Every structure is written in structure tokens, then in C-alpha cells.
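What follows is a set of notes on a single structure, which appears directly below.
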Amino acid sequence: MATMTNAEIARELQLLGDLLEIQGESSFKVGAYRRARETIEGLPEPLAKIRERDGLEKIPGVGKAISSKIEELLDTGTMKALIAAEVKTPRGVADLLAVPGIGPKKAARLHAEIGIAGLNDLRVALDDGRADAVLGAGERKRIAQGLGTLVDGGKGRMPLGQALVIVEDLIAQLRERVPDLETIEAAGSVRRVRETVGDLDIVAAWDEPEAIVDAFTRLPAVERVESRGPTRCRVALVSGIAADLWVLPPRHWGALLFHVTGDKYHDIRIRDMAIAKGGRLSEYGYTEGDDLTTFADEDDVYQFFGLQPIPPPMRAGGEDVDLALKGRLPEVVALANLRGDLHCHTTWSDGKATVREMALAARDRGYQWLAITDHSKGLAVANGLDGRRLREQQAEIVAVNEELAPFHVLQGIECEVRSDGRLDLDDDVLAELDLVIAAVHSSLGQPRDRLTERAIKAINHPLVDILAHPTGRIVGGRAGGDFDMDAIYAAAAAAGTVLEIDADPARMDLRDTHARAAIAAGCMLSIDSDAHSIAGFDNLGIGVGVAQRGWVPPDRVLNTLTLKQLQARLKRNRKR
């Protein structure tokens, strides 16, 4: 029997966690399987090799209990714990959790009360009315819509956050083997900052492309080589995703990067423009007869065709090309426009770094200020803060500000919005802070009107400056709450409350379409990392990509303000 791949083992562990959650197992045990799955999906080499060399327990997030289950899978292709779980609940029931609007309790009821054992059963039950015994009318409609979305798209695609870990590791491994390789970058869906990724595209510039192709095919992360030529190869990775590498000499770099970045509609439009000029555009450059025009820089391609340069996240659908041809492409926010980050966490709640460490890292990135916004007490699982601990934290922040001036740390809070719309902390506590971010983390299954009312109540609070990750969705996981987004945009614009683009790749919330609608409604946005570690500041690039695809201009982003401008813009200071 062939040894299971990392991707197959990760899926089995995820399945076990999902079935146990449906059966009411503790969130701690369920979370352990999911963390192990995430770790395994990002490993650069097969588990069988790691087991032989170091032992599985050395893998972060894989303890004794889970390592023994992985060994079972490697040795036998089965897992006793999963077999036992499937006796109680068929594995198809776990697929229901991917449907927006269905959580573990709802999945358990659908199975126990009307015998739903998978997605096909659910579709039939929705059509013949049996689902009405478990689902209300509004709930039935939302789940039917969610099921349609699930079936129509996203199948076989990986969330951007997972794809980023894999592609960054591939590039790091290749650079280790070819130390002088400097010009290499992720392209395709990753560079366009898409929420999910079907496969990976990597481009590199090197005078002897075949040497880079050869080194790439020998990386530990490569399970098999599917195709190979002197300048390009396609491989299947142990993570279960495919990766393409393109390598050309440096003089072709601009054309190559352009060629492998845009979606098919973007590329077709530009290639058609090349044909209209009497030539052809490829990864090598523009060819007309025997003449080849190469492009060392990507912007040169656009200038050659009389276009404004188009940021990678905007290269989709063709509308971007129409506007760029007329010189009317809107100015959009760039990473260089951001002066600080309004949402991050420290060891005071569930972060991995201290206030000082986060501040130093932000200053090193060129930021002028940073807001520390740890969780409030209502999120007990994240070690949330009450009024007493906030005052203790304030003393630490004061000391850091004295040390690092003129860089400045603001003290804020990510404050829970309770199920009735009240905030988790009293107004007198919130008034002592520099800013307040309100967050609807819990009870996202409430009906549309109640959810929307909760969010708007927080938006209208005189001390709330920002509404965090407004829909509550998780990419590749839950769909988020059924909020009336138009009502939220209107309320935020009227109250002057900022709506957040949470740049954590697991959230990307607001998403691009929401951001564009919010701007049209007159809202101000923020782009925040939601960093729980120093490395988490890298999320800001993802948030900027979402904003660019939503055509968000710099003057509508709170983070572009200087410290003085920011402080004047916050609600408590506007009052005065």
C-alpha cells in the first residue's frame, strides 16, 4: 500500500475533528486536530521522512496522541479513532459544516432527525421539504443559497493563508539551494491576493533557467514532477496542491511577471492589443516579425501599450484595462500609504509578543504609530482584559512610549458586542482608552434583523471608532453572519464609525466587493493586520490587496493619517 501523503493525512485529521465536534466533543480536542491539520498542510516535506529522521512529536502542534494517529495512517491507511467516530456519524455529515449557515449542532440535528448523511441528501431534503422539520423558512433559504455557492465554486481550492505559507517556504528552500537567486516571486492568484488558490505560480529570473528548474524539482516539498522543460515545470507538492515554476533570463523579467499574474480576461485583452499592433505578446516579450521587444520591468509592458500600470489585485475581468486605456484608472491605496496599524494583539490577551516587541517591530517597518487592541473580558478563550488589567496595561504602554518617542503606541481594545448589542465593558472603562474596536464574534447564527441590530447598536455607540471584521466570515470555513450590509454601510457613514478590512488571510473581511460598496456609501475604512505576532504585520499587504481590488482610495483609509490627524478623527476627540 502506498504511503499516505501529507494532504491526505491532514484531511483525515480534519474529518476526525469535524465528526467529534458534531458529536459534542470538547472544543479543546477538536481544536487540536484542526491545528495539527494546518501544521501538516504547511510542512515542506513528507511526514514519512520527518518520522524517520526526527519523530512526529517534534512537529509543532503534534503531541503524543495525534502523532500516534498519524503513525496509524502512515502504516495502515486507517485510524481507529476515525472508524469509531464514523460508527456514530457518517463522514458525509462533516461535509455539511462547509455549507454557510450550518454549524455542528445544526449538522447533528439534520442527521439525527431526518437522516441527512451528506451534501446530496441535504439538496434532496431542501427540494422535497423534509428539511423544514429542522430549518426555519429564512434559515432554509440561506442554507440553500450557501449550498449553491459551495457546489458552484471553490472546490479543490486552498485558502490564501495556507497557500502563502507553502509558496513562501518553496521560495525560501529554492534560495537556500541557489543563494544568488534574488529575483523570484509568487504570481498568479497569490499575487492577485485572491481568497482561495487553485494552484501556485512562481516566477524567477536567472541566466541559466534549466538549473533553477532542476533545483526546484528536487525540493523536499515536491512529491512528483508532472511536466518539465528547460524554462518551466509543474509539480505536485506533498501538501496536495500543484505548483508551476517559470524561469527566464533577467531581460524577460517584466514580461514574465506580467504574463503569469493577471487573470485570463486581463491577459486576453492585452494580447488582443498586441495582435492589433501586428505582433504577439508572450512571457518573452512583444514579438513583431523577427523583432523582439523585451521588458525588464512589469510597468514597461503597460507603458508599451499606452496603459496606466495596473496593480496586481485589480487585474481581473477586463474593466481595469478599459479604464487604464483611457487614463481613468482610480488611485488606490498602497502599502506605502499606511502610517500605522489599528488592530493587533499582545501577550496581554492571546498574542505572542509583548507591547514593546510589537511596537519595535512596527517602528522597524517604518510606521509612525501602533494601536494595541487586545481582546476584552467577554472572549475568555483569548484571555480578554477587564478594566483592572487594562489599567495595568496602560502603565506598560506609557513606559514604552517614553522609551520609543516620537513613535507612539495607542491603547485600544477589541471589545465584544454581546448578543443583545451591549458592549462587553462599561463606558467609564472605554473612555479611558485611546480608541475602541467593536467586534461581533459570537452568536453569528442569529436572524438577520437581530444580527444587524447588534452591529448597528455598536456602530452608533459614542465611543466605538471601528467595527472589526464586519461579517465575521472565515475563508474556507464559516460564511459569517447574515448581516444587512447596506444597513451597516448607511449606519457607519452616518455615525462616522470606521469599517475594517481585517487583513488576516483567514478573514479578509470586509472582502473586496463589500469594501467597494462601503466606499460608495460614504464610509471610512481601516486596513488592519489583526496581528497576534510580529510576523502578523505582514498581513497588511493582504489587506491592501483587498482594498485595491475594492478600488479604495488612500484618503478613505484611516491608517493613512498622521498621529495628530488620527487622534483628531477619533470619536472622543471629535466631540471635544
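Going by the C-alpha cells order, chains are called A, B, ..., each with residues numbered from 1, while ligands are numbered from 1 in the order shown.
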(request) Can you pull out every residue within 7 Å of segment 406-416 of chain A, counting only C-alpha atoms, but drop anything in the same chain fewer than 4 positions away, and send it as a PyMOL selection string? (result) chain A and resi 359+363+368-376+378+394+397+401+423-424+433-441
(message) For Gly522 of chain A, find every residue with an atom within 9 Å (counting only C-alpha atoms), except residues of its own chain fewer than 4 positions away, and show them as a PyMOL selection string.
(response) chain A and resi 489-490+492-494+517-518+556
For the selection just defined, write its residues with C-alpha atoms to a file, as a short mmCIF file (atom, residue, chain, number, x, y, z; two decimals), in the first residue's frame.
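Resulting contents of out-v4.cif:
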data_model
loop_
_atom_site.label_atom_id
_atom_site.label_comp_id
_atom_site.auth_asym_id
_atom_site.auth_seq_id
_atom_site.Cartn_x
_atom_site.Cartn_y
_atom_site.Cartn_z
CA TYR A 489 -22.82 50.90 5.46
CA ALA A 490 -25.51 53.55 5.95
CA ALA A 492 -21.40 53.63 9.67
CA ALA A 493 -21.38 56.54 7.23
CA ALA A 494 -23.90 58.46 9.36
CA ALA A 517 -19.87 49.20 -1.68
CA ALA A 518 -18.86 50.80 1.63
CA ARG A 556 -10.69 56.89 2.68
#
Produce a table with one row for each residue of segment 177-260 of chain A that has an atom at most 12 Å from any atom of segment 527-546 of chain A, each row naming the nearest atom pair and its distance in Å at one decimal; use only C-alpha atoms; arrange rows by chain and rising residue number; format as CSV.
residue,atom,partner,partner_atom,distance
A:Ser189,CA,A:Gly545,CA,11.4
A:Val190,CA,A:Ile542,CA,9.7
A:Arg191,CA,A:Gly545,CA,8.7
A:Arg192,CA,A:Gly545,CA,7.2
A:Val193,CA,A:Gly545,CA,5.8
A:Arg194,CA,A:Val546,CA,8.3
A:Glu195,CA,A:Val546,CA,9.1
Selection from above, N, CA, C and O atoms, as a PDB file, in the first residue's frame, can you write it?
ATOM      1  N   SER A 189      -2.769  33.681  -8.661  1.00  0.00           N
ATOM      2  CA  SER A 189      -3.807  34.043  -7.675  1.00  0.00           C
ATOM      3  C   SER A 189      -3.223  34.596  -6.397  1.00  0.00           C
ATOM      4  O   SER A 189      -3.835  35.451  -5.751  1.00  0.00           O
ATOM      5  N   VAL A 190      -2.059  34.092  -5.993  1.00  0.00           N
ATOM      6  CA  VAL A 190      -1.434  34.579  -4.760  1.00  0.00           C
ATOM      7  C   VAL A 190      -1.076  36.048  -4.906  1.00  0.00           C
ATOM      8  O   VAL A 190      -1.347  36.862  -4.009  1.00  0.00           O
ATOM      9  N   ARG A 191      -0.468  36.427  -6.014  1.00  0.00           N
ATOM     10  CA  ARG A 191      -0.074  37.824  -6.205  1.00  0.00           C
ATOM     11  C   ARG A 191      -1.296  38.729  -6.377  1.00  0.00           C
ATOM     12  O   ARG A 191      -1.261  39.906  -6.023  1.00  0.00           O
ATOM     13  N   ARG A 192      -2.364  38.190  -6.921  1.00  0.00           N
ATOM     14  CA  ARG A 192      -3.597  38.969  -7.049  1.00  0.00           C
ATOM     15  C   ARG A 192      -4.388  38.993  -5.745  1.00  0.00           C
ATOM     16  O   ARG A 192      -5.461  39.579  -5.662  1.00  0.00           O
ATOM     17  N   VAL A 193      -3.882  38.320  -4.711  1.00  0.00           N
ATOM     18  CA  VAL A 193      -4.494  38.292  -3.375  1.00  0.00           C
ATOM     19  C   VAL A 193      -5.932  37.772  -3.452  1.00  0.00           C
ATOM     20  O   VAL A 193      -6.854  38.353  -2.894  1.00  0.00           O
ATOM     21  N   ARG A 194      -6.101  36.663  -4.153  1.00  0.00           N
ATOM     22  CA  ARG A 194      -7.412  36.016  -4.191  1.00  0.00           C
ATOM     23  C   ARG A 194      -7.647  35.270  -2.883  1.00  0.00           C
ATOM     24  O   ARG A 194      -6.704  34.804  -2.242  1.00  0.00           O
ATOM     25  N   GLU A 195      -8.890  35.119  -2.507  1.00  0.00           N
ATOM     26  CA  GLU A 195      -9.219  34.474  -1.237  1.00  0.00           C
ATOM     27  C   GLU A 195      -8.820  33.010  -1.222  1.00  0.00           C
ATOM     28  O   GLU A 195      -8.425  32.472  -0.179  1.00  0.00           O
TER      29      GLU A 195
END
Residues within 10 Å of Met4 of chain A, please, as a PDB file with C-alpha atoms, in the first residue's frame. Count only C-alpha atoms; anything in the same chain fewer than 6 positions from it doesn't count.
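Written output follows (out21.pdb):
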ATOM      1  CA  ALA A  10      -4.369  16.393   7.021  1.00  0.00           C
ATOM      2  CA  PRO A  46       6.570  14.236   3.666  1.00  0.00           C
ATOM      3  CA  LEU A  47       5.554  13.112   7.141  1.00  0.00           C
ATOM      4  CA  ALA A  48       7.112   9.720   6.472  1.00  0.00           C
ATOM      5  CA  ILE A  70      -0.556   9.844  12.153  1.00  0.00           C
ATOM      6  CA  LEU A  73      -2.383   6.408   8.961  1.00  0.00           C
ATOM      7  CA  LEU A  74       1.152   6.045   7.604  1.00  0.00           C
ATOM      8  CA  ASP A  75       1.291   2.344   8.481  1.00  0.00           C
ATOM      9  CA  THR A  76      -2.242   1.192   7.701  1.00  0.00           C
ATOM     10  CA  GLY A  77      -4.065   3.995   5.863  1.00  0.00           C
ATOM     11  CA  THR A  78      -6.735   3.955   8.587  1.00  0.00           C
ATOM     12  CA  VAL A 238       3.257  16.900  -0.591  1.00  0.00           C
TER      13      VAL A 238
END
(request) Find the residues near Gly285 of chain A: any atom within 12 Å, counting only C-alpha atoms, skip ones fewer than 2 places away on the same chain, and give them as a PyMOL selection string. (result) chain A and resi 248-259+271+274+279-283+287-288+291-298+300-302+304
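Going from atom CA of Met358 of chain A to atom CA of Ala395 of chain A covers 16.0 Å.
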(request) Please identify which residues in segment 360-495 of chain A DSSP calls helix (DSSP H, G or I) from the backbone, and express them as a PyMOL selection string. (result) chain A and resi 360-364+380-382+387-404+427-430+448-459+485-495
(message) I'd like to know which of A:Leu245, A:Glu139, A:Pro159, A:Glu453 is closest to Ile171 of chain A, using only C-alpha atoms.
(response)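 Using only C-alpha atoms, the shortest distance to Ile171 of chain A belongs to A:Leu245.
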(request) Please indicate the distance in Å from atom CA of Val321 of chain A to atom CA of Gly262 of chain A, rounded to one decimal place. (result)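 These atoms are spaced 11.0 Å apart.
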(message) Env of Gln14 of chain A: 6 Å cut, atoms = only C-alpha atoms, seq-sep filter 3 positions within chain, self excluded. Answer as a PyMOL selection string.
(response) chain A and resi 11+17+34
For those residues, write N, CA, C and O atoms to a file as a compact mmCIF listing (two decimals), in the first residue's frame.
# COMPACT_ATOMS: atom_id res chain seq x y z
N ARG A 11 -6.37 15.83 5.76
CA ARG A 11 -7.83 15.73 5.56
C ARG A 11 -8.46 14.75 6.53
O ARG A 11 -9.57 14.98 7.04
N GLY A 17 -11.72 15.67 13.53
CA GLY A 17 -12.10 16.82 14.35
C GLY A 17 -13.53 17.27 14.08
O GLY A 17 -14.28 17.57 15.01
N ARG A 34 -7.56 20.35 14.39
CA ARG A 34 -7.52 21.37 13.33
C ARG A 34 -6.18 22.08 13.28
O ARG A 34 -5.67 22.39 12.20
(request) Go through A:Leu237, A:Leu325, A:Ala455, A:Leu499 and flag the residue nearest Glu41 of chain A, using only C-alpha atoms for the distances. (result) A:Leu237
Could you build a table of the residues in segment 449-566 of chain A lying no more than 12 Å from segment 98-109 of chain A, giving for each the nearest pair of atoms and their separation in Å rounded to one decimal place, using only C-alpha atoms, ordered by chain and ascending residue number, as CSV?
residue,atom,partner,partner_atom,distance
A:Gly472,CA,A:Pro100,CA,11.9
A:Arg473,CA,A:Pro100,CA,9.4
A:Ile474,CA,A:Pro100,CA,10.4
A:Val475,CA,A:Ala98,CA,10.7
A:Gly476,CA,A:Ala98,CA,7.8
A:Gly477,CA,A:Ala98,CA,6.4
A:Arg478,CA,A:Pro100,CA,5.9
A:Ala479,CA,A:Pro100,CA,4.8
A:Gly480,CA,A:Pro100,CA,7.5
A:Gly481,CA,A:Gly101,CA,8.2
A:Asp482,CA,A:Gly101,CA,8.6
Write the residues of the selection above to a file with N, CA and C atoms, as a PDB file, in the first residue's frame.
ATOM      1  N   GLY A 472     -17.699  38.676   9.960  1.00  0.00           N
ATOM      2  CA  GLY A 472     -17.333  37.548  10.808  1.00  0.00           C
ATOM      3  C   GLY A 472     -17.009  36.285  10.051  1.00  0.00           C
ATOM      4  N   ARG A 473     -16.802  36.378   8.730  1.00  0.00           N
ATOM      5  CA  ARG A 473     -16.558  35.162   7.956  1.00  0.00           C
ATOM      6  C   ARG A 473     -15.126  34.646   8.165  1.00  0.00           C
ATOM      7  N   ILE A 474     -14.922  33.365   7.911  1.00  0.00           N
ATOM      8  CA  ILE A 474     -13.607  32.738   7.904  1.00  0.00           C
ATOM      9  C   ILE A 474     -13.413  32.113   6.523  1.00  0.00           C
ATOM     10  N   VAL A 475     -12.353  32.489   5.830  1.00  0.00           N
ATOM     11  CA  VAL A 475     -12.105  31.990   4.481  1.00  0.00           C
ATOM     12  C   VAL A 475     -11.886  30.477   4.527  1.00  0.00           C
ATOM     13  N   GLY A 476     -12.654  29.752   3.747  1.00  0.00           N
ATOM     14  CA  GLY A 476     -12.547  28.303   3.736  1.00  0.00           C
ATOM     15  C   GLY A 476     -13.232  27.645   4.918  1.00  0.00           C
ATOM     16  N   GLY A 477     -13.886  28.460   5.762  1.00  0.00           N
ATOM     17  CA  GLY A 477     -14.581  27.944   6.932  1.00  0.00           C
ATOM     18  C   GLY A 477     -16.014  28.450   6.952  1.00  0.00           C
ATOM     19  N   ARG A 478     -16.334  29.247   7.980  1.00  0.00           N
ATOM     20  CA  ARG A 478     -17.711  29.723   8.082  1.00  0.00           C
ATOM     21  C   ARG A 478     -17.952  30.923   7.171  1.00  0.00           C
ATOM     22  N   ALA A 479     -19.220  31.064   6.777  1.00  0.00           N
ATOM     23  CA  ALA A 479     -19.596  32.132   5.852  1.00  0.00           C
ATOM     24  C   ALA A 479     -19.752  33.469   6.548  1.00  0.00           C
ATOM     25  N   GLY A 480     -19.851  33.475   7.870  1.00  0.00           N
ATOM     26  CA  GLY A 480     -20.090  34.720   8.600  1.00  0.00           C
ATOM     27  C   GLY A 480     -21.564  34.916   8.861  1.00  0.00           C
ATOM     28  N   GLY A 481     -21.898  36.011   9.506  1.00  0.00           N
ATOM     29  CA  GLY A 481     -23.288  36.291   9.851  1.00  0.00           C
ATOM     30  C   GLY A 481     -24.072  36.830   8.669  1.00  0.00           C
ATOM     31  N   ASP A 482     -25.378  36.662   8.745  1.00  0.00           N
ATOM     32  CA  ASP A 482     -26.268  37.137   7.677  1.00  0.00           C
ATOM     33  C   ASP A 482     -26.660  38.589   7.965  1.00  0.00           C
TER      34      ASP A 482
END
(request) Rounded to one decimal place, report the atom CA of Ala362 of chain A-atom CA of Trp551 of chain A distance in Å. (result)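 Answer for the atom CA of Ala362 of chain A to atom CA of Trp551 of chain A separation: 25.9 Å.
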(request) For Ala144 of chain A, please output as number ranges by chain all residues within 12 Å (counting only C-alpha atoms; exclusion window: fewer than 3 positions along the same chain). (result) A: 96, 99-102, 119, 122-127, 129, 131-132, 135-141, 147-151
(message) List as a VMD selection string the protein and nucleic acid residues near Ala334 of chain A, meaning an atom at most 8 Å away when only C-alpha atoms are counted, but skip any in the same chain fewer than 4 places from it.
(response) chain A and resid 338 544 548 554
Could you find all residues in segment 278-376 of chain A that DSSP calls strand (DSSP E) from the backbone, and write them as a short mmCIF file (atom, residue, chain, number, x, y, z; two decimals) with N, CA and C atoms, in the first residue's frame?
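Now in selection.cif:
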data_model
loop_
_atom_site.label_atom_id
_atom_site.label_comp_id
_atom_site.auth_asym_id
_atom_site.auth_seq_id
_atom_site.Cartn_x
_atom_site.Cartn_y
_atom_site.Cartn_z
N ARG A 280 2.74 39.86 -31.28
CA ARG A 280 2.28 38.87 -30.31
C ARG A 280 2.99 39.11 -28.98
N LEU A 281 2.24 38.98 -27.89
CA LEU A 281 2.81 39.17 -26.55
C LEU A 281 2.90 37.82 -25.85
N SER A 282 4.08 37.51 -25.31
CA SER A 282 4.27 36.26 -24.56
C SER A 282 5.11 36.56 -23.34
N GLY A 285 8.24 38.60 -24.21
CA GLY A 285 8.13 39.99 -24.60
C GLY A 285 7.20 40.14 -25.78
N TYR A 286 7.34 41.27 -26.50
CA TYR A 286 6.49 41.55 -27.66
C TYR A 286 7.27 41.22 -28.92
N THR A 287 6.70 40.34 -29.73
CA THR A 287 7.35 39.91 -30.97
C THR A 287 6.57 40.44 -32.16
N GLU A 288 7.27 41.09 -33.09
CA GLU A 288 6.67 41.54 -34.34
C GLU A 288 7.64 41.17 -35.46
N ASP A 291 11.54 40.78 -34.79
CA ASP A 291 11.97 41.68 -33.72
C ASP A 291 11.31 41.32 -32.40
N LEU A 292 12.11 41.26 -31.37
CA LEU A 292 11.60 41.00 -30.02
C LEU A 292 11.89 42.19 -29.12
N THR A 293 10.84 42.76 -28.54
CA THR A 293 10.99 43.82 -27.54
C THR A 293 10.84 43.19 -26.16
N GLY A 340 0.40 53.36 10.08
CA GLY A 340 0.29 52.58 11.31
C GLY A 340 -0.74 51.48 11.17
N ASP A 341 -0.91 50.74 12.24
CA ASP A 341 -1.82 49.58 12.27
C ASP A 341 -2.74 49.78 13.47
N TRP A 369 3.03 55.03 14.25
CA TRP A 369 2.24 54.74 15.45
C TRP A 369 1.66 53.33 15.35
N LEU A 370 1.16 52.83 16.47
CA LEU A 370 0.57 51.49 16.52
C LEU A 370 -0.50 51.47 17.60
N ALA A 371 -1.64 50.88 17.29
CA ALA A 371 -2.70 50.71 18.29
C ALA A 371 -2.68 49.27 18.80
N ILE A 372 -2.56 49.12 20.11
CA ILE A 372 -2.65 47.80 20.76
C ILE A 372 -4.11 47.58 21.14
N THR A 373 -4.72 46.55 20.59
CA THR A 373 -6.16 46.33 20.82
C THR A 373 -6.39 44.87 21.23
N ASP A 374 -6.01 44.55 22.44
CA ASP A 374 -6.24 43.19 22.92
C ASP A 374 -7.72 42.95 23.16
N HIS A 375 -8.08 41.68 23.31
CA HIS A 375 -9.49 41.32 23.48
C HIS A 375 -10.03 41.77 24.83
#
